[in-house]
file my_file04.pdb (PDB, N, CA and C atoms)
ATOM      1  N   MET A   1      36.746  -6.474 -11.260
ATOM      2  CA  MET A   1      36.333  -7.606 -10.466
ATOM      3  C   MET A   1      35.155  -7.196  -9.580
ATOM      4  N   SER A   2      34.114  -7.986  -9.614
ATOM      5  CA  SER A   2      32.925  -7.711  -8.813
ATOM      6  C   SER A   2      32.849  -8.697  -7.656
ATOM      7  N   VAL A   3      32.668  -8.168  -6.458
ATOM      8  CA  VAL A   3      32.579  -9.019  -5.273
ATOM      9  C   VAL A   3      31.175  -8.887  -4.707
ATOM     10  N   SER A   4      30.504 -10.021  -4.498
ATOM     11  CA  SER A   4      29.170 -10.016  -3.919
ATOM     12  C   SER A   4      29.237 -10.556  -2.499
ATOM     13  N   TYR A   5      28.602  -9.848  -1.587
ATOM     14  CA  TYR A   5      28.562 -10.289  -0.204
ATOM     15  C   TYR A   5      27.222 -10.924   0.143
ATOM     16  N   ASP A   6      26.392 -11.162  -0.878
ATOM     17  CA  ASP A   6      25.093 -11.786  -0.681
ATOM     18  C   ASP A   6      25.290 -13.288  -0.517
ATOM     19  N   ASP A   7      25.018 -13.818   0.646
ATOM     20  CA  ASP A   7      25.171 -15.247   0.901
ATOM     21  C   ASP A   7      23.932 -16.041   0.504
ATOM     22  N   ASN A   8      22.981 -15.376  -0.164
ATOM     23  CA  ASN A   8      21.741 -16.037  -0.582
ATOM     24  C   ASN A   8      21.052 -16.715   0.598
ATOM     25  N   LEU A   9      20.932 -15.988   1.696
ATOM     26  CA  LEU A   9      20.282 -16.540   2.873
ATOM     27  C   LEU A   9      18.777 -16.681   2.678
ATOM     28  N   LEU A  10      18.199 -15.835   1.842
ATOM     29  CA  LEU A  10      16.765 -15.878   1.582
ATOM     30  C   LEU A  10      16.527 -16.373   0.156
ATOM     31  N   SER A  11      15.505 -17.201  -0.017
ATOM     32  CA  SER A  11      15.171 -17.737  -1.333
ATOM     33  C   SER A  11      13.974 -16.992  -1.902
ATOM     34  N   THR A  12      14.119 -16.528  -3.127
ATOM     35  CA  THR A  12      13.016 -15.825  -3.785
ATOM     36  C   THR A  12      11.803 -16.747  -3.866
ATOM     37  N   GLY A  13      10.647 -16.242  -3.443
ATOM     38  CA  GLY A  13       9.404 -17.010  -3.467
ATOM     39  C   GLY A  13       9.112 -17.749  -2.182
ATOM     40  N   SER A  14      10.084 -17.844  -1.274
ATOM     41  CA  SER A  14       9.849 -18.524   0.006
ATOM     42  C   SER A  14       9.121 -17.594   0.968
ATOM     43  N   VAL A  15       8.410 -18.198   1.907
ATOM     44  CA  VAL A  15       7.597 -17.454   2.871
ATOM     45  C   VAL A  15       8.349 -17.360   4.193
ATOM     46  N   TYR A  16       8.369 -16.150   4.772
ATOM     47  CA  TYR A  16       9.119 -15.891   5.996
ATOM     48  C   TYR A  16       8.294 -15.060   6.984
ATOM     49  N   THR A  17       8.703 -15.119   8.255
ATOM     50  CA  THR A  17       8.316 -14.133   9.247
ATOM     51  C   THR A  17       9.572 -13.302   9.473
ATOM     52  N   VAL A  18       9.436 -11.979   9.377
ATOM     53  CA  VAL A  18      10.588 -11.081   9.447
ATOM     54  C   VAL A  18      10.414 -10.135  10.624
ATOM     55  N   GLY A  19      11.484  -9.959  11.396
ATOM     56  CA  GLY A  19      11.467  -9.037  12.523
ATOM     57  C   GLY A  19      12.460  -7.908  12.305
ATOM     58  N   THR A  20      12.112  -6.723  12.816
ATOM     59  CA  THR A  20      12.996  -5.569  12.725
ATOM     60  C   THR A  20      13.410  -5.142  14.137
ATOM     61  N   ASN A  21      14.447  -4.313  14.211
ATOM     62  CA  ASN A  21      14.997  -3.959  15.523
ATOM     63  C   ASN A  21      14.100  -3.050  16.358
ATOM     64  N   ASP A  22      12.990  -2.576  15.814
ATOM     65  CA  ASP A  22      12.059  -1.769  16.611
ATOM     66  C   ASP A  22      10.924  -2.627  17.178
ATOM     67  N   GLY A  23      11.028  -3.957  17.011
ATOM     68  CA  GLY A  23      10.034  -4.863  17.582
ATOM     69  C   GLY A  23       8.909  -5.240  16.647
ATOM     70  N   LYS A  24       8.870  -4.682  15.443
ATOM     71  CA  LYS A  24       7.811  -5.038  14.494
ATOM     72  C   LYS A  24       8.079  -6.420  13.917
ATOM     73  N   GLU A  25       7.012  -7.125  13.604
ATOM     74  CA  GLU A  25       7.112  -8.456  13.033
ATOM     75  C   GLU A  25       6.126  -8.563  11.871
ATOM     76  N   PHE A  26       6.613  -8.998  10.733
ATOM     77  CA  PHE A  26       5.779  -9.199   9.555
ATOM     78  C   PHE A  26       5.684 -10.697   9.322
ATOM     79  N   GLN A  27       4.472 -11.245   9.492
ATOM     80  CA  GLN A  27       4.294 -12.688   9.401
ATOM     81  C   GLN A  27       3.851 -13.103   8.010
ATOM     82  N   LYS A  28       4.356 -14.253   7.583
ATOM     83  CA  LYS A  28       3.988 -14.883   6.314
ATOM     84  C   LYS A  28       4.088 -13.918   5.139
ATOM     85  N   VAL A  29       5.301 -13.371   4.946
ATOM     86  CA  VAL A  29       5.566 -12.524   3.790
ATOM     87  C   VAL A  29       6.482 -13.288   2.835
ATOM     88  N   ILE A  30       6.367 -13.006   1.557
ATOM     89  CA  ILE A  30       7.100 -13.706   0.509
ATOM     90  C   ILE A  30       8.297 -12.866   0.098
ATOM     91  N   PHE A  31       9.484 -13.484   0.073
ATOM     92  CA  PHE A  31      10.680 -12.758  -0.339
ATOM     93  C   PHE A  31      10.677 -12.606  -1.853
ATOM     94  N   VAL A  32      10.754 -11.348  -2.307
ATOM     95  CA  VAL A  32      10.754 -11.020  -3.734
ATOM     96  C   VAL A  32      12.182 -10.867  -4.248
ATOM     97  N   GLY A  33      13.047 -10.275  -3.446
ATOM     98  CA  GLY A  33      14.435 -10.053  -3.848
ATOM     99  C   GLY A  33      14.945  -8.751  -3.262
ATOM    100  N   TYR A  34      15.962  -8.205  -3.893
ATOM    101  CA  TYR A  34      16.557  -6.948  -3.441
ATOM    102  C   TYR A  34      16.355  -5.870  -4.499
ATOM    103  N   LYS A  35      16.202  -4.639  -4.061
ATOM    104  CA  LYS A  35      16.169  -3.468  -4.929
ATOM    105  C   LYS A  35      17.159  -2.469  -4.350
ATOM    106  N   LEU A  36      17.645  -1.584  -5.202
ATOM    107  CA  LEU A  36      18.551  -0.542  -4.726
ATOM    108  C   LEU A  36      17.768   0.725  -4.421
ATOM    109  N   MET A  37      18.025   1.306  -3.259
ATOM    110  CA  MET A  37      17.435   2.581  -2.889
ATOM    111  C   MET A  37      18.591   3.478  -2.467
ATOM    112  N   ASN A  38      18.834   4.526  -3.243
ATOM    113  CA  ASN A  38      19.962   5.425  -2.992
ATOM    114  C   ASN A  38      21.280   4.655  -2.909
ATOM    115  N   GLY A  39      21.424   3.634  -3.746
ATOM    116  CA  GLY A  39      22.648   2.862  -3.813
ATOM    117  C   GLY A  39      22.785   1.767  -2.770
ATOM    118  N   LYS A  40      21.800   1.631  -1.864
ATOM    119  CA  LYS A  40      21.846   0.603  -0.836
ATOM    120  C   LYS A  40      20.849  -0.500  -1.166
ATOM    121  N   PRO A  41      21.233  -1.776  -0.968
ATOM    122  CA  PRO A  41      20.274  -2.859  -1.214
ATOM    123  C   PRO A  41      19.192  -2.883  -0.136
ATOM    124  N   ILE A  42      17.961  -2.991  -0.566
ATOM    125  CA  ILE A  42      16.806  -3.050   0.323
ATOM    126  C   ILE A  42      16.118  -4.396   0.095
ATOM    127  N   MET A  43      15.738  -5.072   1.181
ATOM    128  CA  MET A  43      15.037  -6.357   1.088
ATOM    129  C   MET A  43      13.575  -6.086   0.738
ATOM    130  N   VAL A  44      13.061  -6.809  -0.253
ATOM    131  CA  VAL A  44      11.683  -6.598  -0.696
ATOM    132  C   VAL A  44      10.876  -7.870  -0.444
ATOM    133  N   PHE A  45       9.743  -7.694   0.230
ATOM    134  CA  PHE A  45       8.822  -8.782   0.526
ATOM    135  C   PHE A  45       7.441  -8.407   0.000
ATOM    136  N   SER A  46       6.569  -9.400  -0.127
ATOM    137  CA  SER A  46       5.199  -9.180  -0.576
ATOM    138  C   SER A  46       4.268  -9.949   0.351
ATOM    139  N   THR A  47       3.076  -9.410   0.566
ATOM    140  CA  THR A  47       2.092 -10.100   1.395
ATOM    141  C   THR A  47       1.423 -11.197   0.577
ATOM    142  N   GLU A  48       0.751 -12.126   1.261
ATOM    143  CA  GLU A  48       0.081 -13.246   0.594
ATOM    144  C   GLU A  48      -1.389 -12.955   0.323
ATOM    145  N   GLU A  49      -1.773 -11.717   0.252
ATOM    146  CA  GLU A  49      -3.171 -11.348   0.055
ATOM    147  C   GLU A  49      -3.562 -11.478  -1.410
ATOM    148  N   THR A  50      -4.861 -11.380  -1.681
ATOM    149  CA  THR A  50      -5.352 -11.398  -3.056
ATOM    150  C   THR A  50      -4.747 -10.250  -3.844
ATOM    151  N   PHE A  51      -4.653  -9.072  -3.232
ATOM    152  CA  PHE A  51      -3.987  -7.921  -3.832
ATOM    153  C   PHE A  51      -2.748  -7.642  -2.979
ATOM    154  N   PRO A  52      -1.611  -8.274  -3.351
ATOM    155  CA  PRO A  52      -0.405  -8.196  -2.516
ATOM    156  C   PRO A  52       0.103  -6.773  -2.318
ATOM    157  N   LYS A  53       0.644  -6.533  -1.147
ATOM    158  CA  LYS A  53       1.275  -5.257  -0.823
ATOM    159  C   LYS A  53       2.767  -5.499  -0.679
ATOM    160  N   GLN A  54       3.562  -4.514  -1.070
ATOM    161  CA  GLN A  54       5.014  -4.622  -1.000
ATOM    162  C   GLN A  54       5.520  -4.100   0.340
ATOM    163  N   ILE A  55       6.454  -4.833   0.934
ATOM    164  CA  ILE A  55       7.109  -4.414   2.169
ATOM    165  C   ILE A  55       8.603  -4.336   1.875
ATOM    166  N   THR A  56       9.216  -3.188   2.156
ATOM    167  CA  THR A  56      10.655  -3.047   1.961
ATOM    168  C   THR A  56      11.309  -2.860   3.329
ATOM    169  N   ILE A  57      12.429  -3.544   3.533
ATOM    170  CA  ILE A  57      13.130  -3.485   4.811
ATOM    171  C   ILE A  57      14.595  -3.189   4.559
ATOM    172  N   ASN A  58      15.099  -2.171   5.237
ATOM    173  CA  ASN A  58      16.513  -1.849   5.185
ATOM    174  C   ASN A  58      17.247  -2.924   5.984
ATOM    175  N   PRO A  59      18.210  -3.626   5.367
ATOM    176  CA  PRO A  59      18.918  -4.685   6.094
ATOM    177  C   PRO A  59      19.562  -4.221   7.405
ATOM    178  N   SER A  60      19.835  -2.931   7.543
ATOM    179  CA  SER A  60      20.411  -2.414   8.787
ATOM    180  C   SER A  60      19.440  -2.553   9.955
ATOM    181  N   PHE A  61      18.137  -2.580   9.677
ATOM    182  CA  PHE A  61      17.125  -2.677  10.724
ATOM    183  C   PHE A  61      16.559  -4.084  10.861
ATOM    184  N   HIS A  62      17.052  -5.011  10.053
ATOM    185  CA  HIS A  62      16.598  -6.399  10.054
ATOM    186  C   HIS A  62      17.169  -7.120  11.266
ATOM    187  N   THR A  63      16.324  -7.772  12.048
ATOM    188  CA  THR A  63      16.772  -8.475  13.241
ATOM    189  C   THR A  63      16.756  -9.983  13.049
ATOM    190  N   PHE A  64      15.650 -10.523  12.521
ATOM    191  CA  PHE A  64      15.593 -11.965  12.318
ATOM    192  C   PHE A  64      14.682 -12.304  11.146
ATOM    193  N   THR A  65      14.890 -13.505  10.619
ATOM    194  CA  THR A  65      14.032 -14.051   9.573
ATOM    195  C   THR A  65      13.801 -15.516   9.900
ATOM    196  N   MET A  66      12.536 -15.928   9.921
ATOM    197  CA  MET A  66      12.196 -17.317  10.180
ATOM    198  C   MET A  66      11.420 -17.851   8.974
ATOM    199  N   GLU A  67      11.915 -18.926   8.378
ATOM    200  CA  GLU A  67      11.248 -19.488   7.212
ATOM    201  C   GLU A  67       9.980 -20.210   7.641
ATOM    202  N   GLU A  68       8.902 -19.966   6.899
ATOM    203  CA  GLU A  68       7.615 -20.585   7.170
ATOM    204  C   GLU A  68       7.393 -21.741   6.200
ATOM    205  N   GLU A  69       6.494 -22.651   6.552
ATOM    206  CA  GLU A  69       6.152 -23.759   5.674
ATOM    207  C   GLU A  69       5.295 -23.237   4.522
ATOM    208  N   MET A  70       5.642 -23.637   3.307
ATOM    209  CA  MET A  70       4.866 -23.242   2.128
ATOM    210  C   MET A  70       3.942 -24.387   1.752
ATOM    211  N   VAL A  71       2.637 -24.149   1.792
ATOM    212  CA  VAL A  71       1.662 -25.189   1.505
ATOM    213  C   VAL A  71       1.361 -25.257   0.011
ATOM    214  N   GLU A  72       1.275 -24.120  -0.640
ATOM    215  CA  GLU A  72       0.983 -24.085  -2.072
ATOM    216  C   GLU A  72       1.760 -22.940  -2.709
ATOM    217  N   HIS A  73       1.710 -22.893  -4.031
ATOM    218  CA  HIS A  73       2.422 -21.841  -4.757
ATOM    219  C   HIS A  73       1.835 -20.470  -4.429
ATOM    220  N   ASN A  74       2.703 -19.459  -4.398
ATOM    221  CA  ASN A  74       2.255 -18.082  -4.245
ATOM    222  C   ASN A  74       2.513 -17.352  -5.557
ATOM    223  N   HIS A  75       2.171 -16.071  -5.638
ATOM    224  CA  HIS A  75       2.291 -15.362  -6.907
ATOM    225  C   HIS A  75       3.735 -15.246  -7.387
ATOM    226  N   ILE A  76       4.708 -15.301  -6.505
ATOM    227  CA  ILE A  76       6.114 -15.230  -6.903
ATOM    228  C   ILE A  76       6.565 -16.568  -7.485
ATOM    229  N   THR A  77       6.293 -17.682  -6.790
ATOM    230  CA  THR A  77       6.704 -18.990  -7.298
ATOM    231  C   THR A  77       5.925 -19.347  -8.558
ATOM    232  N   PHE A  78       4.679 -18.887  -8.653
ATOM    233  CA  PHE A  78       3.884 -19.103  -9.860
ATOM    234  C   PHE A  78       4.558 -18.427 -11.052
ATOM    235  N   GLN A  79       5.025 -17.182 -10.859
ATOM    236  CA  GLN A  79       5.705 -16.448 -11.933
ATOM    237  C   GLN A  79       7.014 -17.127 -12.312
ATOM    238  N   GLN A  80       7.755 -17.631 -11.319
ATOM    239  CA  GLN A  80       9.005 -18.345 -11.594
ATOM    240  C   GLN A  80       8.735 -19.585 -12.448
ATOM    241  N   ALA A  81       7.712 -20.341 -12.098
ATOM    242  CA  ALA A  81       7.373 -21.549 -12.849
ATOM    243  C   ALA A  81       6.916 -21.202 -14.259
ATOM    244  N   GLU A  82       6.114 -20.155 -14.367
ATOM    245  CA  GLU A  82       5.633 -19.723 -15.680
ATOM    246  C   GLU A  82       6.797 -19.286 -16.568
ATOM    247  N   ASP A  83       7.770 -18.565 -15.995
ATOM    248  CA  ASP A  83       8.949 -18.139 -16.744
ATOM    249  C   ASP A  83       9.780 -19.335 -17.202
ATOM    250  N   ALA A  84       9.729 -20.429 -16.426
ATOM    251  CA  ALA A  84      10.472 -21.639 -16.780
ATOM    252  C   ALA A  84       9.694 -22.518 -17.755
ATOM    253  N   GLY A  85       8.467 -22.094 -18.100
ATOM    254  CA  GLY A  85       7.657 -22.837 -19.070
ATOM    255  C   GLY A  85       6.799 -23.928 -18.476
ATOM    256  N   GLU A  86       6.655 -23.963 -17.157
ATOM    257  CA  GLU A  86       5.834 -24.966 -16.496
ATOM    258  C   GLU A  86       4.376 -24.502 -16.462
ATOM    259  N   GLN A  87       3.468 -25.460 -16.437
ATOM    260  CA  GLN A  87       2.050 -25.165 -16.336
ATOM    261  C   GLN A  87       1.580 -25.461 -14.916
ATOM    262  N   ILE A  88       1.167 -24.411 -14.190
ATOM    263  CA  ILE A  88       0.697 -24.548 -12.797
ATOM    264  C   ILE A  88      -0.604 -23.781 -12.667
ATOM    265  N   GLU A  89      -1.561 -24.391 -11.982
ATOM    266  CA  GLU A  89      -2.813 -23.706 -11.721
ATOM    267  C   GLU A  89      -2.633 -22.864 -10.465
ATOM    268  N   TYR A  90      -2.861 -21.541 -10.583
ATOM    269  CA  TYR A  90      -2.670 -20.619  -9.461
ATOM    270  C   TYR A  90      -4.005 -20.318  -8.838
ATOM    271  N   LYS A  91      -4.095 -20.514  -7.505
ATOM    272  CA  LYS A  91      -5.310 -20.201  -6.753
ATOM    273  C   LYS A  91      -5.013 -19.016  -5.858
ATOM    274  N   SER A  92      -5.750 -17.932  -6.010
ATOM    275  CA  SER A  92      -5.515 -16.752  -5.154
ATOM    276  C   SER A  92      -6.500 -16.698  -4.021
TER     277      SER A  92
END

call {"tool": "encode", "arguments": {"input": "my_file04.pdb", "output": "structure tokens"}}
result
Amino acid sequence: MSVSYDDNLLSTGSVYTVGTNDGKEFQKVIFVGYKLMNGKPIMVFSTEETFPKQITINPSFHTFTMEEEMVEHNHITFQQAEDAGEQIEYKS
């Protein structure tokens, strides 16, 4: 039996401002999903730049997440739509 404690609080492809317990704040980052690092789930975000950078956050240091308004598709939602067979014009 597998038990998941992920309440799906974050939506893949949505844009957030994320704060950590050391006072750092990452504004307008896109939630990519979770990856395992040494057996622990790590939150993975991406920047909205032309050449996106990956940001990984240990949930133990996560303080807050605020969802931002999404005006247009980003590279994550574009990939989701493409995988679903939809045709979307992506502007970087």

call {"tool": "resolve_selection", "arguments": {"input": "my_file04.pdb", "expression": "the PyMOL selection byres (((chain A and resi 58 and name CA) around 8) and name CA)", "output": "mmCIF file with N, CA and C atoms, in the coordinates of the input"}}
result
data_model
loop_
_atom_site.group_PDB
_atom_site.id
_atom_site.type_symbol
_atom_site.label_atom_id
_atom_site.label_comp_id
_atom_site.auth_asym_id
_atom_site.auth_seq_id
_atom_site.Cartn_x
_atom_site.Cartn_y
_atom_site.Cartn_z
ATOM 1 N N PRO A 41 21.233 -1.776 -0.968
ATOM 2 C CA PRO A 41 20.274 -2.859 -1.214
ATOM 3 C C PRO A 41 19.192 -2.883 -0.136
ATOM 4 N N ILE A 42 17.961 -2.991 -0.566
ATOM 5 C CA ILE A 42 16.806 -3.050 0.323
ATOM 6 C C ILE A 42 16.118 -4.396 0.095
ATOM 7 N N MET A 43 15.738 -5.072 1.181
ATOM 8 C CA MET A 43 15.037 -6.357 1.088
ATOM 9 C C MET A 43 13.575 -6.086 0.738
ATOM 10 N N THR A 56 9.216 -3.188 2.156
ATOM 11 C CA THR A 56 10.655 -3.047 1.961
ATOM 12 C C THR A 56 11.309 -2.860 3.329
ATOM 13 N N ILE A 57 12.429 -3.544 3.533
ATOM 14 C CA ILE A 57 13.130 -3.485 4.811
ATOM 15 C C ILE A 57 14.595 -3.189 4.559
ATOM 16 N N PRO A 59 18.210 -3.626 5.367
ATOM 17 C CA PRO A 59 18.918 -4.685 6.094
ATOM 18 C C PRO A 59 19.562 -4.221 7.405
ATOM 19 N N SER A 60 19.835 -2.931 7.543
ATOM 20 C CA SER A 60 20.411 -2.414 8.787
ATOM 21 C C SER A 60 19.440 -2.553 9.955
ATOM 22 N N PHE A 61 18.137 -2.580 9.677
ATOM 23 C CA PHE A 61 17.125 -2.677 10.724
ATOM 24 C C PHE A 61 16.559 -4.084 10.861
ATOM 25 N N HIS A 62 17.052 -5.011 10.053
ATOM 26 C CA HIS A 62 16.598 -6.399 10.054
ATOM 27 C C HIS A 62 17.169 -7.120 11.266
#

call {"tool": "residues_around", "arguments": {"input": "my_file04.pdb", "residues": "range 64-67 of chain A", "least_positions_apart": "5", "cutoff": "8 Å", "atoms": "only C-alpha atoms", "output": "list in words"}}
result
Ser14, Val15, Tyr16, Thr17, Val18, Gly19 and Thr20 of chain A

call {"tool": "write_last_selection", "arguments": {"input": "my_file04.pdb", "atoms": "N, CA and C atoms", "output": "mmCIF file, keeping the file's coordinate frame"}}
result
data_model
loop_
_atom_site.group_PDB
_atom_site.id
_atom_site.type_symbol
_atom_site.label_atom_id
_atom_site.label_comp_id
_atom_site.auth_asym_id
_atom_site.auth_seq_id
_atom_site.Cartn_x
_atom_site.Cartn_y
_atom_site.Cartn_z
ATOM 1 N N SER A 14 10.084 -17.844 -1.274
ATOM 2 C CA SER A 14 9.849 -18.524 0.006
ATOM 3 C C SER A 14 9.121 -17.594 0.968
ATOM 4 N N VAL A 15 8.410 -18.198 1.907
ATOM 5 C CA VAL A 15 7.597 -17.454 2.871
ATOM 6 C C VAL A 15 8.349 -17.360 4.193
ATOM 7 N N TYR A 16 8.369 -16.150 4.772
ATOM 8 C CA TYR A 16 9.119 -15.891 5.996
ATOM 9 C C TYR A 16 8.294 -15.060 6.984
ATOM 10 N N THR A 17 8.703 -15.119 8.255
ATOM 11 C CA THR A 17 8.316 -14.133 9.247
ATOM 12 C C THR A 17 9.572 -13.302 9.473
ATOM 13 N N VAL A 18 9.436 -11.979 9.377
ATOM 14 C CA VAL A 18 10.588 -11.081 9.447
ATOM 15 C C VAL A 18 10.414 -10.135 10.624
ATOM 16 N N GLY A 19 11.484 -9.959 11.396
ATOM 17 C CA GLY A 19 11.467 -9.037 12.523
ATOM 18 C C GLY A 19 12.460 -7.908 12.305
ATOM 19 N N THR A 20 12.112 -6.723 12.816
ATOM 20 C CA THR A 20 12.996 -5.569 12.725
ATOM 21 C C THR A 20 13.410 -5.142 14.137
#

call {"tool": "atom_distance", "arguments": {"input": "my_file04.pdb", "atom1": "CA of Val44 in chain A", "atom2": "CA of Val32 in chain A"}}
result
5.4 Å

call {"tool": "atom_distance", "arguments": {"input": "my_file04.pdb", "atom1": "atom N of Asn21 in chain A", "atom2": "atom C of Thr63 in chain A"}}
result
6.2 Å

call {"tool": "closest_residue", "arguments": {"input": "my_file04.pdb", "among": "A:Phe26, A:Tyr34, A:Thr12, A:Pro52", "to": "Thr77 in chain A", "atoms": "all atoms listed in the file"}}
result
A:Thr12

call {"tool": "decode", "arguments": {"input": "my_file04.pdb", "residues": "range 4-71 of chain A", "atoms": "C-alpha atoms", "output": "CSV table (one decimal), in the first residue's frame"}}
result
chain,number,residue,atom,x,y,z
A,4,SER,CA,1.0,9.9,-0.5
A,5,TYR,CA,1.1,13.0,1.7
A,6,ASP,CA,1.1,15.4,-1.2
A,7,ASP,CA,-2.0,17.5,-1.0
A,8,ASN,CA,-1.3,19.0,-4.5
A,9,LEU,CA,-1.1,22.5,-3.1
A,10,LEU,CA,1.0,23.6,-6.0
A,11,SER,CA,-0.1,23.2,-9.7
A,12,THR,CA,2.4,22.3,-12.3
A,13,GLY,CA,2.9,25.3,-14.7
A,14,SER,CA,1.4,27.9,-12.3
A,15,VAL,CA,3.4,31.0,-11.4
A,16,TYR,CA,4.2,31.7,-7.7
A,17,THR,CA,6.3,33.9,-5.4
A,18,VAL,CA,8.1,31.6,-3.0
A,19,GLY,CA,9.7,32.5,0.3
A,20,THR,CA,12.2,30.5,2.4
A,21,ASN,CA,12.9,30.7,6.1
A,22,ASP,CA,16.1,32.6,5.6
A,23,GLY,CA,14.2,35.6,4.2
A,24,LYS,CA,14.9,35.0,0.5
A,25,GLU,CA,12.0,35.5,-1.9
A,26,PHE,CA,11.8,34.2,-5.5
A,27,GLN,CA,9.3,36.1,-7.5
A,28,LYS,CA,7.3,34.9,-10.5
A,29,VAL,CA,8.7,31.4,-10.7
A,30,ILE,CA,6.9,28.5,-12.4
A,31,PHE,CA,6.3,25.3,-10.5
A,32,VAL,CA,7.7,22.3,-12.4
A,33,GLY,CA,7.1,19.5,-9.8
A,34,TYR,CA,9.0,17.5,-7.4
A,35,LYS,CA,12.3,15.6,-7.7
A,36,LEU,CA,14.0,13.3,-5.3
A,37,MET,CA,17.3,14.3,-3.8
A,38,ASN,CA,18.9,11.7,-1.5
A,39,GLY,CA,15.4,10.2,-1.1
A,40,LYS,CA,13.7,13.5,0.0
A,41,PRO,CA,11.2,15.3,-2.3
A,42,ILE,CA,12.6,18.7,-3.4
A,43,MET,CA,10.3,21.4,-4.9
A,44,VAL,CA,11.5,22.4,-8.4
A,45,PHE,CA,10.7,25.8,-9.9
A,46,SER,CA,11.8,27.5,-13.1
A,47,THR,CA,12.3,31.2,-13.9
A,48,GLU,CA,10.3,32.9,-16.7
A,49,GLU,CA,13.4,34.1,-18.6
A,50,THR,CA,14.1,33.3,-22.2
A,51,PHE,CA,16.7,30.8,-21.0
A,52,PRO,CA,15.0,29.5,-17.8
A,53,LYS,CA,17.0,28.6,-14.7
A,54,GLN,CA,16.0,25.9,-12.3
A,55,ILE,CA,15.4,26.7,-8.6
A,56,THR,CA,15.2,23.8,-6.2
A,57,ILE,CA,13.8,24.3,-2.6
A,58,ASN,CA,13.9,21.9,0.2
A,59,PRO,CA,10.3,21.8,1.6
A,60,SER,CA,11.8,22.0,5.2
A,61,PHE,CA,13.0,25.6,4.4
A,62,HIS,CA,9.8,26.6,2.5
A,63,THR,CA,8.0,29.4,4.4
A,64,PHE,CA,5.3,30.6,2.0
A,65,THR,CA,4.0,30.4,-1.5
A,66,MET,CA,1.8,33.0,-3.1
A,67,GLU,CA,0.1,32.3,-6.5
A,68,GLU,CA,0.6,34.9,-9.1
A,69,GLU,CA,-1.7,35.9,-12.0
A,70,MET,CA,-0.7,34.1,-15.2
A,71,VAL,CA,-1.2,36.3,-18.3
